Amino acid sequence: MQNTSILTYQSFTHLKEFSVQQVLLDKQGFVLENDERLLKNHLFRQKSIPEICPFFESIFPSLYLLKEDIDEVHFPSVSLYVKDDFQGYFHYTFSKARYQEHIVFVWTILKDKDAENRQIRQQTENTRLLEIEKSE
Amino acid sequence: MISRKVILTGSFGVGKTSLFTQFIYNKFDDKYLTTIGVKVNKKSLDIDGEELSILLWDIAGEVSQDKVPVSYFLGASGIIYVFDLARPSTHLNIIADIEYLKKMIPDGIIKLVANKKDLVTNEQIEQIAKKINIPIDAFTSAKTGENVEELFSQLGKDLV
């Protein structure tokens, strides 16, 4: 596995305004603690998060490899669709820790409020470049 | 059931999202909509009697692969690198990009995919393949669906 200390892609400090939430997951991916500011607990009562979300299913095994209290891994601008309740783009950061003698994962969520504007800007720029290429 | 994470990558506008949508939903939309960040979905395939779940990551297009957040490659077993047969600018960085991707997933499978087959002739495809001078794993059309299922089926076989 790559050294996850180099995986942090960007700092959150560039964000002008954001909403943040932390969720504590057990090693199966069930929610232990959640302040419910963005993500509501009722979404995850029956099943673990990796069972519900393909994004989590694909990254969860890698989280075990993080060094406890040292590594963190950051995924910028993830679009995660969960039962109509969690639409839009979010920055996620994960770390591994010990809580009451158990391994837990700390999942930090920041709403990417600039995503729609960035998409519009990028769309404009890409369309412009495609038009230039076509005319050449 | 086995699960494998696969990333669709390449320059912008080459048809990654269209391949994603064609594979996951069997649909195609002519309208170009830029992808930002990442979206993930999955589809199960039967590979010689074994069920394989492909966890497919559709990521924002980048002209150069070293601009893709490194974390996106974490835990990936396969990468589909897509270029556009009808856009020469997307042929320029293929070798450098593939070399970079090999470093990102040293033990993984990388497929080089020439998309938008419906926009070029067979003669043009031959010329492009000769010019690129690196084996192309699949020639697809996300629009018509040609070779899309076959691409993922072959990748699935390589991943199990």
# chains A, B, ... in the order shown; residues from 1 in each chain; ligands from 1
>>> select_by_dssp(residues="chain A", states="strand (DSSP E or B)", output="PyMOL selection string")
chain A and resi 20-25+31-34+72-79+89-99+102-111
>>> write_last_selection(atoms="C-alpha atoms", output="PDB file, in the first residue's frame")
ATOM      1  CA  VAL A  20     -18.572  19.702   8.472  1.00  0.00           C
ATOM      2  CA  GLN A  21     -19.502  16.484  10.202  1.00  0.00           C
ATOM      3  CA  GLN A  22     -17.622  13.669  11.880  1.00  0.00           C
ATOM      4  CA  VAL A  23     -18.862  10.095  11.991  1.00  0.00           C
ATOM      5  CA  LEU A  24     -17.316   7.303  13.999  1.00  0.00           C
ATOM      6  CA  LEU A  25     -17.490   3.899  12.326  1.00  0.00           C
ATOM      7  CA  VAL A  31     -22.114   4.012  12.654  1.00  0.00           C
ATOM      8  CA  LEU A  32     -21.058   4.305  16.324  1.00  0.00           C
ATOM      9  CA  GLU A  33     -21.416   8.050  16.741  1.00  0.00           C
ATOM     10  CA  ASN A  34     -22.757  10.710  14.446  1.00  0.00           C
ATOM     11  CA  GLU A  72      -5.265  10.039   6.987  1.00  0.00           C
ATOM     12  CA  VAL A  73      -6.602   9.717   3.522  1.00  0.00           C
ATOM     13  CA  HIS A  74      -8.541  12.426   1.741  1.00  0.00           C
ATOM     14  CA  PHE A  75     -10.982  12.002  -1.137  1.00  0.00           C
ATOM     15  CA  PRO A  76     -11.966  15.322  -2.690  1.00  0.00           C
ATOM     16  CA  SER A  77     -15.386  15.994  -4.247  1.00  0.00           C
ATOM     17  CA  VAL A  78     -17.133  12.666  -3.944  1.00  0.00           C
ATOM     18  CA  SER A  79     -20.655  12.419  -5.252  1.00  0.00           C
ATOM     19  CA  TYR A  89     -20.469  16.695  -3.518  1.00  0.00           C
ATOM     20  CA  PHE A  90     -18.488  16.122  -0.345  1.00  0.00           C
ATOM     21  CA  HIS A  91     -14.837  16.017   0.679  1.00  0.00           C
ATOM     22  CA  TYR A  92     -14.089  12.975   2.824  1.00  0.00           C
ATOM     23  CA  THR A  93     -11.164  12.317   5.123  1.00  0.00           C
ATOM     24  CA  PHE A  94     -10.615   9.022   6.927  1.00  0.00           C
ATOM     25  CA  SER A  95      -8.319   8.057   9.744  1.00  0.00           C
ATOM     26  CA  LYS A  96      -7.969   5.055  12.023  1.00  0.00           C
ATOM     27  CA  ALA A  97      -8.040   5.404  15.793  1.00  0.00           C
ATOM     28  CA  ARG A  98      -8.632   3.475  18.990  1.00  0.00           C
ATOM     29  CA  TYR A  99     -11.823   4.132  20.943  1.00  0.00           C
ATOM     30  CA  HIS A 102     -11.587  -0.946  19.749  1.00  0.00           C
ATOM     31  CA  ILE A 103     -10.348   0.013  16.309  1.00  0.00           C
ATOM     32  CA  VAL A 104     -12.601   2.687  14.817  1.00  0.00           C
ATOM     33  CA  PHE A 105     -12.557   4.832  11.717  1.00  0.00           C
ATOM     34  CA  VAL A 106     -13.081   8.574  11.872  1.00  0.00           C
ATOM     35  CA  TRP A 107     -14.907   9.802   8.798  1.00  0.00           C
ATOM     36  CA  THR A 108     -14.844  13.569   8.354  1.00  0.00           C
ATOM     37  CA  ILE A 109     -17.284  15.035   5.857  1.00  0.00           C
ATOM     38  CA  LEU A 110     -17.176  18.531   4.403  1.00  0.00           C
ATOM     39  CA  LYS A 111     -19.833  19.720   2.042  1.00  0.00           C
TER      40      LYS A 111
END
>>> closest_atom_pairs(of="chain B", to="chain A", cutoff="8 Å", atoms="only C-alpha atoms", output="CSV")
residue,atom,partner,partner_atom,distance
B:Ser3,CA,A:Ser58,CA,7.8
B:Arg4,CA,A:Ser58,CA,7.3
B:Lys5,CA,A:Ser58,CA,5.7
B:Phe12,CA,A:Asn126,CA,7.3
B:Gly13,CA,A:Asn126,CA,7.7
B:Leu33,CA,A:Gln123,CA,6.8
B:Thr34,CA,A:Gln123,CA,5.2
B:Thr35,CA,A:Gln119,CA,7.2
B:Ile36,CA,A:Gln119,CA,6.2
B:Gly37,CA,A:Ser77,CA,4.5
B:Val38,CA,A:Val78,CA,5.0
B:Lys39,CA,A:Ser79,CA,5.0
B:Val40,CA,A:Phe55,CA,5.5
B:Asn41,CA,A:Pro54,CA,5.6
B:Lys42,CA,A:Pro54,CA,6.2
B:Leu55,CA,A:Ser58,CA,6.3
B:Pro69,CA,A:Tyr9,CA,5.9
B:Val70,CA,A:Leu7,CA,5.8
B:Ser71,CA,A:Leu7,CA,5.2
B:Tyr72,CA,A:Phe75,CA,6.8
B:Leu74,CA,A:Ser62,CA,7.0
B:Gly75,CA,A:Ser62,CA,5.9
B:Arg87,CA,A:Glu133,CA,7.7
B:Ser89,CA,A:Glu133,CA,8.0
>>> select_by_dssp(residues="chain B", states="helix (DSSP H, G or I)", output="PyMOL selection string")
chain B and resi 16-25+65-67+70-73+88-91+94-104+117-119+122-132+148-159
>>> residues_around(residues="range 38-40 of chain A", least_positions_apart="2", cutoff="8 Å", atoms="only C-alpha atoms", output="ChimeraX atom specification")
/A:19-21,34,36,42-44,85-86
>>> residues_around(residues="Val160 in chain B", least_positions_apart="4", cutoff="9 Å", atoms="only C-alpha atoms", output="list in words")
Ile2, Arg4, Ile47, Glu50, Leu52, Leu155 and Gly156 of chain B
>>> residues_around(residues="Ser141 in chain B", least_positions_apart="2", cutoff="9 Å", atoms="only C-alpha atoms", output="ChimeraX atom specification")
/B:15,19,114-119,139,143-148
>>> write_last_selection(atoms="C-alpha atoms", output="mmCIF file, in the first residue's frame")
data_model
loop_
_atom_site.group_PDB
_atom_site.id
_atom_site.type_symbol
_atom_site.label_atom_id
_atom_site.label_comp_id
_atom_site.auth_asym_id
_atom_site.auth_seq_id
_atom_site.Cartn_x
_atom_site.Cartn_y
_atom_site.Cartn_z
ATOM 1 C CA GLY B 15 -16.380 9.487 -23.010
ATOM 2 C CA LEU B 19 -18.838 4.332 -20.815
ATOM 3 C CA ALA B 114 -10.060 3.748 -27.792
ATOM 4 C CA ASN B 115 -13.551 5.190 -27.539
ATOM 5 C CA LYS B 116 -15.893 6.885 -30.041
ATOM 6 C CA LYS B 117 -15.363 4.168 -32.630
ATOM 7 C CA ASP B 118 -18.604 5.295 -34.266
ATOM 8 C CA LEU B 119 -16.963 8.588 -35.311
ATOM 9 C CA PHE B 139 -12.159 -0.152 -29.467
ATOM 10 C CA LYS B 143 -22.872 5.669 -27.948
ATOM 11 C CA THR B 144 -23.825 2.428 -29.687
ATOM 12 C CA GLY B 145 -22.627 0.168 -26.883
ATOM 13 C CA GLU B 146 -20.241 -1.628 -29.229
ATOM 14 C CA ASN B 147 -17.607 -3.638 -27.330
ATOM 15 C CA VAL B 148 -18.496 -2.044 -23.968
#
